[in-house]
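**Q** First the structure, then my questions, so here it is.
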Amino acid sequence: MEFRSLVSLALVFAIVIPVPAQQKQQPPAKLTLEMIMQGPRFSGYTPSSLRWSGDSQRVYFQWKRYTDPIAAPFDTYVVNRDGTNLAKLTEQELRLAPPVSCNYDDSFKRCVYTQAGDLWLYDFSTDKAKRLTATSDIEIQPRFLPGGKAIAYQRSNNLFVHSLEDGSIEQLTDIRTGRPSPEEEEPTKDPKKELTSQEFLKQEEKELLAIVKQRAALREENRARRLRENPRKPFYLQPRTIPTNLRLTGDRNFIIAVMADQPEGSKNTIVPNYITEAAYTEDLPARNNVGDVQGRSRLMVINTKTGETKPVDLPLGEKPKPVSVFNLVLSDDNNKVAFLLRSSDNKDLWRMALDPATGKARILTHDHDDAWIGGPGIFRLGFLGDNVYYQSEVTGFSHLYLQPFAAGEAKALTSGNYEVTNVELSRDKKLFYLTTSEGSPYERHLYAFDHAAGTKAKVTTAPGEHNVTLSPDENWLADIYSFTTKPDEVYIGERKSGAKLLQVTTSPSPEFLARKWTEPTLVEIPARDGKKIPGNLLKPANARKGGPAVVFVHGAGYLQNVHKWWTNYFREYMFHHILTAAGYTVLDIDYRASSGYGRDWRTGIYRFMGGKDLEDHLDAAKWLATAHSVNPKKIGIYGGSYGGFITLMALFTSPDTFAAGAALRPVTDWAHYNHGYTSNILNEPQKDPEAYRKSSPIYHAQGLKSALLICHGMVDINVHYQDSVRLAQRLIELGKDNWELASYPVEDHGFVEPASWTDEYRRIFKLFEKNLK
């Protein structure tokens, strides 16, 4: 999003949706699994990546029509701001359209980006794109240098500067792989050191034979000439090390390099792929497991004149934790440098300042969390004049802070029991545009915050979620907006009080639009520890006392599903309509570890997944029986990924609560999952084995009593199919006979094929019909 104008008054927008002419309509056909499992070919594809033309007349975005194949890539569309001339760009038009992402110059009139590995320049004053390079090498990370007369970019591990005035290109680093040749190595003489036999023979040969002495002198002369012509010393990368980010300081004397050291000795998993064009089984590369050796990143300063390098000196004490670098940022003039450090145990985050001339860093702020550092925007860092801005959960909710770069205390710009989920600085730097949950954890709205005056104005008002992009002249806005029962669409309108937003896309199929979709009732369920658990409740039209119920468990990775916008679980949402039509009450909750509710809720599962998060589901099941008179013996549970994990933990450790459960692509043993997610919550298995054993369903499988369905894609490179295979073997060894495993040979973690989705949910529906009625 790009913003720059001061908003002093709240802007009230009405959503205007085109209404077709009145005609007699036939009632929609009965909702079926085959229908809803078409996914976006039924409910529509979500538009994304809004951007404006330079003259503020047109909006570009990525989109697909509901008739487009699921596997097809998204196309680029353009529409006039009055909603006319919606069209898909041709391949030639696409090459000249505004890029999805790019780096702007100081005036925001030009931006530079890469396309197919080459550098391109987009001029917003003419709305034209220009190709700057056409090479077989791949250029990455282009950035305007201060003043806008040159661009810095990376190619083949080195930093180059491309002049926009004369087209010249200058290489500022000499980073190489391999080892230096003997000619490149500097001769060293230590008179006190005894010569080796080889060194003695070499010295004697040069003194004895004139031709050898002449050749040695010529080699030294050539070396000295090369040094005079190019005094920059080459830097040879260590094996398994690559430069991932090279940033040039404003005086062009130094380059700040982020060096990534790849792990050595770590073993990656493989996933067999059985359905291939070659008809032979192929191995898909996957990931390593939690606790395996992980890569690290570090900072180094390179002198552009001499090529000399020095590691950055980090003031972290005598016994510092292993750390990695995140988010290297420079001020507008490239003379101030800041970066983030995160400890390898995930419990500490430092915001640092760097003096490139000395290579010394100093601490700006330090956050510590006994569980793990996290929350929305936690790795955000930027410059505002002589200050840095960042987000922190230090108060229990993620908020925006401003701190002097030189020295001084941080100032909280936002506060309260809500979260800031996105931050954009306006072009004139007078405003922060904040997306927050202020007012309700179930909505996301845009606010314009004047950081000097400390005043904030609400920009959007329609209930739901708003993702706004302002036009370059800031008189118009484009908004990807959705409500609980209405999928995401693109809306455009003037940025003024009382303006109407015009819907310019219609994503779902006519069959979807012909139906009346039910808005779930937002509920708050009392938990055993006195907290309130947010939930979505759907009830049958003629709910009866003693009827059955189903609890759906959303996935994790820090996710929220109780809200007033279109859900990522749209297939499940539509499936729940089929369940309610069949007489089921359906509930899903934002259990402990869900996003949107602050730090304590986020970290409520530390060292025990399947603890408070499972208790929330057990309390929800009890609440269904007491508050809504469902039959406590006829409650089912299902979910995918983390939802599949919770389903297993529920059936294994509280076997009398749920009569049946469907665990889809479940984690069965956390020691077999990835490092980044799992080590946050459970530490590492070799260091905290107790946390893993009590949190992994495979250790509790003996408790299974109720009917269990396991569904898993066989080419799942996230939660591996091996998880379900190992659990199946465990259940066989335990003599359990009330379970079954459905395998899907061509599906990854997120299913794609409608036939697979349909088969999976037909089995889930059959499971509930058999065991809950």
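Naming works like this for the structure tokens: A, B, ... for the chains as they're shown, residue 1 at the start of each chain, ligands 1 onward in shown order.
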List as a list of chain:residue names the protein and nucleic acid residues near stretch 727-734 of chain A, meaning an atom at most 9 Å away when only C-alpha atoms are counted, but skip any in the same chain fewer than 2 places from it.
**A**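 After dropping sequence-adjacent residues, the list is A:Thr668, A:Asp669, A:Pro697, A:Ile698, A:Ala701, A:Gln702, A:Leu704, A:Gln722, A:Asp723, A:Ser724, A:Val725, A:Lys736, A:Asp737, A:Trp739, A:Glu740, A:Leu741.
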**Q** Using the selection just defined, write its residues with N, CA and C atoms as a compact mmCIF listing (two decimals), in the first residue's frame.
**A**
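What follows is the written file result_26.txt:
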# COMPACT_ATOMS: atom_id res chain seq x y z
N THR A 668 1.33 -35.99 13.94
CA THR A 668 1.17 -37.04 14.96
C THR A 668 2.36 -37.11 15.91
N ASP A 669 3.49 -36.53 15.50
CA ASP A 669 4.68 -36.53 16.34
C ASP A 669 5.44 -35.24 16.02
N PRO A 697 0.45 -36.85 19.61
CA PRO A 697 -0.62 -37.85 19.70
C PRO A 697 -0.14 -39.29 19.67
N ILE A 698 0.95 -39.57 18.95
CA ILE A 698 1.37 -40.96 18.80
C ILE A 698 1.70 -41.60 20.15
N ALA A 701 -1.95 -42.81 21.74
CA ALA A 701 -2.90 -43.50 20.87
C ALA A 701 -3.66 -44.62 21.57
N GLN A 702 -3.12 -45.13 22.67
CA GLN A 702 -3.81 -46.21 23.37
C GLN A 702 -5.16 -45.77 23.91
N LEU A 704 -7.60 -44.32 22.32
CA LEU A 704 -8.65 -44.24 21.31
C LEU A 704 -9.81 -45.19 21.62
N GLN A 722 4.26 -39.55 6.18
CA GLN A 722 4.89 -40.43 7.15
C GLN A 722 4.25 -40.30 8.53
N ASP A 723 3.78 -39.10 8.88
CA ASP A 723 3.12 -38.92 10.18
C ASP A 723 1.95 -39.86 10.33
N SER A 724 1.11 -39.94 9.31
CA SER A 724 -0.07 -40.81 9.39
C SER A 724 0.31 -42.27 9.27
N VAL A 725 1.35 -42.57 8.48
CA VAL A 725 1.81 -43.96 8.35
C VAL A 725 2.33 -44.47 9.69
N LYS A 736 -6.10 -51.57 17.74
CA LYS A 736 -7.29 -50.74 17.54
C LYS A 736 -7.93 -51.10 16.20
N ASP A 737 -9.28 -51.17 16.20
CA ASP A 737 -9.96 -51.55 14.96
C ASP A 737 -11.07 -50.58 14.57
N TRP A 739 -10.72 -47.43 13.31
CA TRP A 739 -10.11 -46.32 12.59
C TRP A 739 -9.88 -46.73 11.14
N GLU A 740 -9.69 -45.74 10.29
CA GLU A 740 -9.32 -46.01 8.91
C GLU A 740 -8.48 -44.84 8.38
N LEU A 741 -7.66 -45.15 7.40
CA LEU A 741 -6.77 -44.16 6.79
C LEU A 741 -7.09 -44.06 5.31
**Q** From stretch 275-461 of chain A, collect each residue whose DSSP state is strand (DSSP E or B) and return the set as an MDAnalysis selection string.
**A** chainID A and resid 282:285 296:303 309:311 313 323:330 337:343 348:355 360:368 381:384 387:392 399:404 411:412 420:425 431:436 444:450 455:458
**Q** Just the selected residues (C-alpha atoms), exported as a JSON list (two decimals), in the first residue's frame, please.
**A**
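Full text of out13.json as output:
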[["chain", "number", "residue", "atom", "x", "y", "z"],
["A", 282, "GLU", "CA", 10.31, -39.79, -7.84],
["A", 283, "ASP", "CA", 11.62, -38.22, -4.64],
["A", 284, "LEU", "CA", 10.51, -34.71, -3.73],
["A", 285, "PRO", "CA", 13.00, -32.73, -1.62],
["A", 296, "ARG", "CA", 22.49, -18.79, 10.62],
["A", 297, "SER", "CA", 22.93, -15.32, 9.17],
["A", 298, "ARG", "CA", 25.47, -12.70, 10.22],
["A", 299, "LEU", "CA", 26.58, -9.20, 9.26],
["A", 300, "MET", "CA", 29.82, -8.12, 7.66],
["A", 301, "VAL", "CA", 31.08, -4.71, 6.50],
["A", 302, "ILE", "CA", 32.97, -4.47, 3.19],
["A", 303, "ASN", "CA", 35.15, -1.48, 2.33],
["A", 309, "THR", "CA", 36.03, -7.04, 5.34],
["A", 310, "LYS", "CA", 35.23, -7.03, 9.02],
["A", 311, "PRO", "CA", 32.56, -8.89, 10.99],
["A", 313, "ASP", "CA", 30.88, -6.48, 16.56],
["A", 323, "VAL", "CA", 21.74, -15.19, 16.82],
["A", 324, "SER", "CA", 20.63, -14.51, 13.25],
["A", 325, "VAL", "CA", 20.13, -11.24, 11.41],
["A", 326, "PHE", "CA", 16.71, -10.11, 10.21],
["A", 327, "ASN", "CA", 15.50, -7.08, 8.30],
["A", 328, "LEU", "CA", 18.52, -4.89, 7.52],
["A", 329, "VAL", "CA", 17.24, -1.33, 6.85],
["A", 330, "LEU", "CA", 18.89, 1.96, 5.90],
["A", 337, "VAL", "CA", 21.88, 1.48, 9.46],
["A", 338, "ALA", "CA", 19.60, -0.60, 11.67],
["A", 339, "PHE", "CA", 18.85, -4.31, 11.84],
["A", 340, "LEU", "CA", 17.21, -7.00, 13.95],
["A", 341, "LEU", "CA", 18.84, -9.89, 15.78],
["A", 342, "ARG", "CA", 16.88, -12.92, 16.93],
["A", 343, "SER", "CA", 18.30, -15.53, 19.26],
["A", 348, "ASP", "CA", 15.13, -12.64, 22.47],
["A", 349, "LEU", "CA", 14.90, -9.91, 19.84],
["A", 350, "TRP", "CA", 17.30, -6.98, 19.63],
["A", 351, "ARG", "CA", 16.88, -3.87, 17.49],
["A", 352, "MET", "CA", 20.37, -2.71, 16.66],
["A", 353, "ALA", "CA", 22.17, 0.31, 15.21],
["A", 354, "LEU", "CA", 25.40, -0.06, 13.23],
["A", 355, "ASP", "CA", 28.38, 2.24, 12.59],
["A", 360, "LYS", "CA", 30.45, -1.79, 15.85],
["A", 361, "ALA", "CA", 26.77, -2.28, 16.66],
["A", 362, "ARG", "CA", 24.81, -0.99, 19.65],
["A", 363, "ILE", "CA", 21.48, -2.01, 21.13],
["A", 364, "LEU", "CA", 18.47, 0.22, 20.52],
["A", 365, "THR", "CA", 15.87, -1.97, 22.26],
["A", 366, "HIS", "CA", 15.68, -5.53, 23.53],
["A", 367, "ASP", "CA", 12.54, -7.69, 23.84],
["A", 368, "HIS", "CA", 12.48, -10.94, 25.80],
["A", 381, "LEU", "CA", 11.66, -2.00, 11.36],
["A", 382, "GLY", "CA", 11.94, 1.29, 9.50],
["A", 383, "PHE", "CA", 13.31, 4.82, 9.59],
["A", 384, "LEU", "CA", 11.34, 8.00, 10.13],
["A", 387, "ASN", "CA", 13.99, 7.83, 14.51],
["A", 388, "VAL", "CA", 13.29, 4.18, 13.97],
["A", 389, "TYR", "CA", 9.79, 2.73, 14.19],
["A", 390, "TYR", "CA", 8.94, -0.84, 15.05],
["A", 391, "GLN", "CA", 6.31, -3.10, 16.58],
["A", 392, "SER", "CA", 6.54, -4.89, 19.91],
["A", 399, "HIS", "CA", 1.76, -1.94, 18.98],
["A", 400, "LEU", "CA", 3.76, 0.68, 17.11],
["A", 401, "TYR", "CA", 6.73, 2.46, 18.71],
["A", 402, "LEU", "CA", 9.05, 5.32, 17.75],
["A", 403, "GLN", "CA", 12.58, 5.65, 19.11],
["A", 404, "PRO", "CA", 15.42, 8.12, 18.47],
["A", 411, "LYS", "CA", 7.59, 6.22, 22.60],
["A", 412, "ALA", "CA", 4.43, 4.16, 22.19],
["A", 420, "VAL", "CA", -1.76, -3.47, 14.89],
["A", 421, "THR", "CA", -1.60, -5.90, 11.98],
["A", 422, "ASN", "CA", -0.11, -3.69, 9.27],
["A", 423, "VAL", "CA", 1.83, -0.41, 9.08],
["A", 424, "GLU", "CA", 2.51, 1.81, 6.05],
["A", 425, "LEU", "CA", 4.27, 5.18, 6.17],
["A", 431, "LEU", "CA", 1.12, 9.75, 8.61],
["A", 432, "PHE", "CA", 1.19, 6.13, 9.52],
["A", 433, "TYR", "CA", -1.59, 4.14, 7.87],
["A", 434, "LEU", "CA", -2.47, 1.40, 10.33],
["A", 435, "THR", "CA", -4.59, -1.68, 9.88],
["A", 436, "THR", "CA", -5.80, -2.70, 13.34],
["A", 444, "ARG", "CA", -9.82, -5.08, 10.46],
["A", 445, "HIS", "CA", -9.99, -1.39, 9.57],
["A", 446, "LEU", "CA", -7.65, 1.23, 8.20],
["A", 447, "TYR", "CA", -6.73, 4.27, 10.28],
["A", 448, "ALA", "CA", -4.73, 7.38, 9.39],
["A", 449, "PHE", "CA", -2.46, 8.28, 12.30],
["A", 450, "ASP", "CA", -0.78, 11.70, 12.52],
["A", 455, "THR", "CA", -4.46, 11.97, 16.34],
["A", 456, "LYS", "CA", -6.02, 9.04, 14.54],
["A", 457, "ALA", "CA", -8.90, 8.94, 12.04],
["A", 458, "LYS", "CA", -10.80, 5.85, 10.95]]
**Q** Write out as a list in words each polymer residue whose atoms come within 7 Å of A:Ala527, counting only C-alpha atoms; drop sequence neighbours fewer than 3 positions from it.
**A** Gly530, Lys531, Lys532, Ile533, Asp616 and Asp619 of chain A
**Q** Counting only C-alpha atoms, what is within 8 Å of A:Asp292, bar same-chain residues fewer than 3 positions away, as a PDB file with all heavy atoms, in the first residue's frame?
**A**
ATOM      1  N   SER A 266      23.104 -31.352   8.504  1.00  0.00           N
ATOM      2  CA  SER A 266      21.658 -31.494   8.683  1.00  0.00           C
ATOM      3  C   SER A 266      21.104 -32.411   7.600  1.00  0.00           C
ATOM      4  O   SER A 266      21.509 -32.333   6.437  1.00  0.00           O
ATOM      5  CB  SER A 266      20.994 -30.113   8.596  1.00  0.00           C
ATOM      6  OG  SER A 266      19.593 -30.236   8.733  1.00  0.00           O
ATOM      7  N   LYS A 267      20.190 -33.270   7.970  1.00  0.00           N
ATOM      8  CA  LYS A 267      19.621 -34.234   7.035  1.00  0.00           C
ATOM      9  C   LYS A 267      18.227 -33.801   6.634  1.00  0.00           C
ATOM     10  O   LYS A 267      17.360 -33.604   7.481  1.00  0.00           O
ATOM     11  CB  LYS A 267      19.579 -35.628   7.662  1.00  0.00           C
ATOM     12  CG  LYS A 267      19.073 -36.702   6.702  1.00  0.00           C
ATOM     13  CD  LYS A 267      19.131 -38.091   7.326  1.00  0.00           C
ATOM     14  CE  LYS A 267      18.643 -39.155   6.340  1.00  0.00           C
ATOM     15  NZ  LYS A 267      18.731 -40.521   6.916  1.00  0.00           N
ATOM     16  N   ASN A 288      14.265 -30.243   6.737  1.00  0.00           N
ATOM     17  CA  ASN A 288      14.789 -30.978   7.877  1.00  0.00           C
ATOM     18  C   ASN A 288      13.786 -30.909   9.024  1.00  0.00           C
ATOM     19  O   ASN A 288      12.747 -30.254   8.918  1.00  0.00           O
ATOM     20  CB  ASN A 288      16.172 -30.470   8.299  1.00  0.00           C
ATOM     21  CG  ASN A 288      16.177 -28.990   8.644  1.00  0.00           C
ATOM     22  OD1 ASN A 288      15.148 -28.405   8.947  1.00  0.00           O
ATOM     23  ND2 ASN A 288      17.345 -28.387   8.599  1.00  0.00           N
ATOM     24  N   ASN A 289      14.090 -31.603  10.083  1.00  0.00           N
ATOM     25  CA  ASN A 289      13.170 -31.685  11.216  1.00  0.00           C
ATOM     26  C   ASN A 289      13.617 -30.764  12.346  1.00  0.00           C
ATOM     27  O   ASN A 289      14.761 -30.310  12.400  1.00  0.00           O
ATOM     28  CB  ASN A 289      13.084 -33.119  11.731  1.00  0.00           C
ATOM     29  CG  ASN A 289      12.353 -34.032  10.772  1.00  0.00           C
ATOM     30  OD1 ASN A 289      11.506 -33.591   9.990  1.00  0.00           O
ATOM     31  ND2 ASN A 289      12.679 -35.320  10.807  1.00  0.00           N
ATOM     32  N   HIS A 675      11.414 -27.017  11.958  1.00  0.00           N
ATOM     33  CA  HIS A 675      12.097 -26.342  13.069  1.00  0.00           C
ATOM     34  C   HIS A 675      11.474 -24.991  13.396  1.00  0.00           C
ATOM     35  O   HIS A 675      11.232 -24.680  14.564  1.00  0.00           O
ATOM     36  CB  HIS A 675      13.582 -26.160  12.732  1.00  0.00           C
ATOM     37  CG  HIS A 675      14.377 -25.592  13.863  1.00  0.00           C
ATOM     38  ND1 HIS A 675      14.938 -26.381  14.847  1.00  0.00           N
ATOM     39  CD2 HIS A 675      14.692 -24.305  14.187  1.00  0.00           C
ATOM     40  CE1 HIS A 675      15.565 -25.622  15.718  1.00  0.00           C
ATOM     41  NE2 HIS A 675      15.446 -24.353  15.345  1.00  0.00           N
TER      42      HIS A 675
END
**Q** Mind listing the alpha helix (DSSP H) residues of stretch 174-373 of chain A, per DSSP on the backbone, as a PyMOL selection string?
**A** chain A and resi 197-208+210-229
**Q** Residues within 12 Å of A:Glu690, please, as a list in words. Count only C-alpha atoms; anything in the same chain fewer than 5 positions from it doesn't count.
**A**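 Counting only C-alpha atoms, the residues come to Arg607, Phe608, Met609, Trp670, Ala671, Leu682, Asn683, Glu684, Pro685, Ser695, Ser696 and Tyr699 of chain A.
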**Q** What does the file look like for those residues with all heavy atoms, as a compact mmCIF listing (two decimals), in the first residue's frame?
**A**
# COMPACT_ATOMS: atom_id res chain seq x y z
N ARG A 607 5.12 -25.20 25.49
CA ARG A 607 5.59 -26.46 26.04
C ARG A 607 4.48 -27.51 26.21
O ARG A 607 4.73 -28.58 26.75
CB ARG A 607 6.32 -26.28 27.38
CG ARG A 607 7.60 -25.46 27.27
CD ARG A 607 8.45 -25.58 28.54
NE ARG A 607 9.00 -26.92 28.69
CZ ARG A 607 8.74 -27.73 29.70
NH1 ARG A 607 7.94 -27.33 30.69
NH2 ARG A 607 9.28 -28.93 29.77
N PHE A 608 3.28 -27.21 25.71
CA PHE A 608 2.22 -28.22 25.79
C PHE A 608 1.15 -27.93 24.74
O PHE A 608 0.14 -27.31 25.02
CB PHE A 608 1.61 -28.25 27.19
CG PHE A 608 0.71 -29.45 27.45
CD1 PHE A 608 0.58 -30.48 26.52
CD2 PHE A 608 -0.01 -29.54 28.62
CE1 PHE A 608 -0.23 -31.57 26.75
CE2 PHE A 608 -0.83 -30.63 28.88
CZ PHE A 608 -0.95 -31.65 27.94
N MET A 609 1.40 -28.40 23.53
CA MET A 609 0.35 -28.38 22.51
C MET A 609 -0.57 -29.57 22.79
O MET A 609 -0.11 -30.70 22.98
CB MET A 609 0.96 -28.47 21.11
CG MET A 609 1.72 -27.21 20.73
SD MET A 609 2.18 -27.15 18.98
CE MET A 609 3.73 -28.02 18.99
N TRP A 670 5.45 -34.31 16.98
CA TRP A 670 6.04 -33.00 16.72
C TRP A 670 7.54 -33.07 16.49
O TRP A 670 8.12 -32.15 15.87
CB TRP A 670 5.72 -32.03 17.86
CG TRP A 670 4.29 -31.60 17.84
CD1 TRP A 670 3.30 -31.98 18.70
CD2 TRP A 670 3.68 -30.71 16.89
NE1 TRP A 670 2.11 -31.38 18.35
CE2 TRP A 670 2.32 -30.60 17.24
CE3 TRP A 670 4.15 -30.01 15.78
CZ2 TRP A 670 1.42 -29.80 16.52
CZ3 TRP A 670 3.27 -29.22 15.06
CH2 TRP A 670 1.92 -29.13 15.43
N ALA A 671 8.20 -34.11 16.93
CA ALA A 671 9.63 -34.25 16.67
C ALA A 671 9.92 -34.48 15.20
O ALA A 671 11.08 -34.39 14.77
CB ALA A 671 10.22 -35.38 17.51
N LEU A 682 7.78 -25.64 21.48
CA LEU A 682 8.19 -26.79 22.31
C LEU A 682 9.69 -26.84 22.55
O LEU A 682 10.17 -27.83 23.10
CB LEU A 682 7.75 -28.10 21.63
CG LEU A 682 6.25 -28.29 21.41
CD1 LEU A 682 5.99 -29.63 20.75
CD2 LEU A 682 5.48 -28.17 22.72
N ASN A 683 10.44 -25.78 22.16
CA ASN A 683 11.89 -25.81 22.21
C ASN A 683 12.40 -26.90 21.27
O ASN A 683 11.76 -27.20 20.28
CB ASN A 683 12.38 -25.97 23.66
CG ASN A 683 11.84 -24.87 24.55
OD1 ASN A 683 11.91 -23.69 24.21
ND2 ASN A 683 11.28 -25.23 25.70
N GLU A 684 13.53 -27.54 21.56
CA GLU A 684 14.05 -28.60 20.69
C GLU A 684 13.89 -29.95 21.37
O GLU A 684 14.01 -30.05 22.59
CB GLU A 684 15.52 -28.34 20.35
CG GLU A 684 15.72 -27.08 19.51
CD GLU A 684 17.18 -26.87 19.14
OE1 GLU A 684 18.04 -27.63 19.64
OE2 GLU A 684 17.45 -25.96 18.34
N PRO A 685 13.59 -31.01 20.61
CA PRO A 685 13.25 -32.30 21.24
C PRO A 685 14.37 -32.88 22.08
O PRO A 685 14.11 -33.51 23.11
CB PRO A 685 12.91 -33.20 20.04
CG PRO A 685 13.52 -32.54 18.86
CD PRO A 685 13.50 -31.08 19.14
N SER A 695 2.97 -33.68 24.06
CA SER A 695 2.28 -32.93 23.02
C SER A 695 2.03 -33.73 21.75
O SER A 695 1.36 -33.24 20.84
CB SER A 695 3.09 -31.68 22.66
OG SER A 695 3.25 -30.81 23.76
N SER A 696 2.56 -34.95 21.64
CA SER A 696 2.48 -35.71 20.39
C SER A 696 1.46 -36.83 20.50
O SER A 696 1.56 -37.71 21.36
CB SER A 696 3.86 -36.29 20.04
OG SER A 696 4.78 -35.24 19.80
N TYR A 699 2.05 -40.81 21.15
CA TYR A 699 2.35 -41.32 22.48
C TYR A 699 1.09 -41.59 23.31
O TYR A 699 1.18 -42.16 24.40
CB TYR A 699 3.24 -40.34 23.25
CG TYR A 699 4.65 -40.25 22.71
CD1 TYR A 699 5.01 -39.25 21.84
CD2 TYR A 699 5.61 -41.19 23.07
CE1 TYR A 699 6.30 -39.16 21.33
CE2 TYR A 699 6.91 -41.12 22.58
CZ TYR A 699 7.25 -40.11 21.71
OH TYR A 699 8.52 -40.03 21.21
**Q** Identify, on the basis of only C-alpha atoms, every residue whose closest approach to stretch 168-176 of chain A does not exceed 8 Å; exclude the query and any residue fewer than 6 positions from it along the same chain; express the result as a list in words.
**A**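 Here the answer would be Asn157, Asn158, Leu159, Phe160, Val161, His162, Arg232, Lys233, Pro234, Phe235, Tyr236, Leu237, Ile302, Thr304 and Gly307 of chain A.
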**Q** Restricting it to N, CA, C and O atoms, dump the selection as a compact mmCIF listing (two decimals), in the first residue's frame.
**A**
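Final output, out36.txt:
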# COMPACT_ATOMS: atom_id res chain seq x y z
N ASN A 157 26.36 -12.83 -6.64
CA ASN A 157 26.92 -12.62 -5.30
C ASN A 157 27.61 -11.27 -5.11
O ASN A 157 28.21 -11.03 -4.07
N ASN A 158 27.55 -10.38 -6.11
CA ASN A 158 28.23 -9.10 -6.01
C ASN A 158 27.26 -7.95 -6.16
O ASN A 158 26.15 -8.11 -6.68
N LEU A 159 27.72 -6.77 -5.71
CA LEU A 159 26.90 -5.56 -5.78
C LEU A 159 27.39 -4.68 -6.94
O LEU A 159 28.59 -4.41 -7.06
N PHE A 160 26.44 -4.23 -7.74
CA PHE A 160 26.72 -3.37 -8.88
C PHE A 160 25.91 -2.08 -8.74
O PHE A 160 24.84 -2.06 -8.12
N VAL A 161 26.42 -1.02 -9.35
CA VAL A 161 25.70 0.25 -9.43
C VAL A 161 25.51 0.60 -10.90
O VAL A 161 26.48 0.65 -11.67
N HIS A 162 24.27 0.82 -11.28
CA HIS A 162 23.90 1.16 -12.66
C HIS A 162 23.51 2.63 -12.71
O HIS A 162 22.55 3.05 -12.05
N ARG A 232 41.02 -3.23 -5.00
CA ARG A 232 40.02 -3.92 -4.19
C ARG A 232 40.42 -5.38 -4.01
O ARG A 232 40.60 -6.12 -4.97
N LYS A 233 40.51 -5.79 -2.78
CA LYS A 233 40.89 -7.15 -2.45
C LYS A 233 39.70 -8.09 -2.62
O LYS A 233 38.60 -7.80 -2.15
N PRO A 234 39.89 -9.22 -3.31
CA PRO A 234 38.76 -10.16 -3.45
C PRO A 234 38.45 -10.83 -2.12
O PRO A 234 39.34 -11.02 -1.28
N PHE A 235 37.18 -11.17 -1.96
CA PHE A 235 36.73 -11.89 -0.75
C PHE A 235 36.21 -13.24 -1.19
O PHE A 235 35.32 -13.35 -2.04
N TYR A 236 36.77 -14.28 -0.62
CA TYR A 236 36.39 -15.64 -0.99
C TYR A 236 35.40 -16.19 0.04
O TYR A 236 35.67 -16.20 1.25
N LEU A 237 34.26 -16.63 -0.47
CA LEU A 237 33.22 -17.18 0.39
C LEU A 237 33.64 -18.53 0.94
O LEU A 237 34.25 -19.34 0.24
N ILE A 302 31.97 -4.41 4.27
CA ILE A 302 32.97 -4.47 3.19
C ILE A 302 33.36 -3.05 2.80
O ILE A 302 32.49 -2.21 2.52
N THR A 304 34.43 -0.59 0.17
CA THR A 304 34.33 -0.60 -1.29
C THR A 304 35.63 -0.22 -1.98
O THR A 304 35.84 -0.56 -3.15
N GLY A 307 38.24 -3.45 -0.43
CA GLY A 307 37.74 -4.81 -0.36
C GLY A 307 37.92 -5.47 0.98
O GLY A 307 37.55 -6.63 1.18
**Q** Please build the interface table for stretch 208-255 of chain A against stretch 122-145 of chain A with a cut-off of 9 Å, listing for each qualifying residue the nearest atom pair and the distance in Å to one decimal; count only C-alpha atoms, order rows by chain and increasing number, and write it as a tab-separated table.
**A**
residue	atom	partner	partner_atom	distance
A:Asn245	CA	A:Gln141	CA	7.9
A:Leu246	CA	A:Gln141	CA	8.8
A:Leu248	CA	A:Leu145	CA	8.3
A:Gly250	CA	A:Leu145	CA	7.7
**Q** Report, in Å with one decimal, the straight-line distance from atom CA of A:Arg155 to atom CA of A:Ser181.
**A** 22.7 Å
**Q** Quick one: residues within 9 Å of A:Ile492, only C-alpha atoms counted, chain neighbours fewer than 5 positions away excluded, as a list in words?
**A**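 In the requested form, the answer reads Val59, Arg81, Asp82, Gly83, Trp476, Leu477, Ala478, Asp479, Lys500, Leu501, Leu502, Gln503 and Val504 of chain A.
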**Q** Distance atom CA of A:Val752-atom CA of A:Pro99, one decimal place?
**A**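 Atom-to-atom, atom CA of A:Val752 to atom CA of A:Pro99, that is 27.9 Å.
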**Q** Mind pulling up the distance from atom CA of A:Gly295 to atom CA of A:Arg240?
**A** 9.6 Å
**Q** For a quick check of understanding, using only C-alpha atoms, which of A:Leu314, A:Leu579, A:Ile151, A:Ala691 has the smallest distance to A:Arg247?
**A**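 Smallest separation from A:Arg247 among the options: A:Ile151.
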**Q** From the list A:Ala556, A:Met37, A:Ile255, A:Leu772, which residue is nearest A:Asn631 when using only C-alpha atoms?
**A**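 For A:Asn631, the nearest of the candidates is A:Leu772.
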**Q** Counting only C-alpha atoms, which residues of stretch 479-580 of chain A fall within 12 Å of stretch 371-376 of chain A, and what is the closest atom pair for each with its distance in Å at one decimal, ordered by chain and rising number, as a Markdown table?
**A**
| residue | atom | partner | partner_atom | distance |
| --- | --- | --- | --- | --- |
| A:Gly557 | CA | A:Gly375 | CA | 11.1 |
| A:Tyr558 | CA | A:Gly375 | CA | 8.4 |
| A:Leu559 | CA | A:Pro376 | CA | 10.8 |
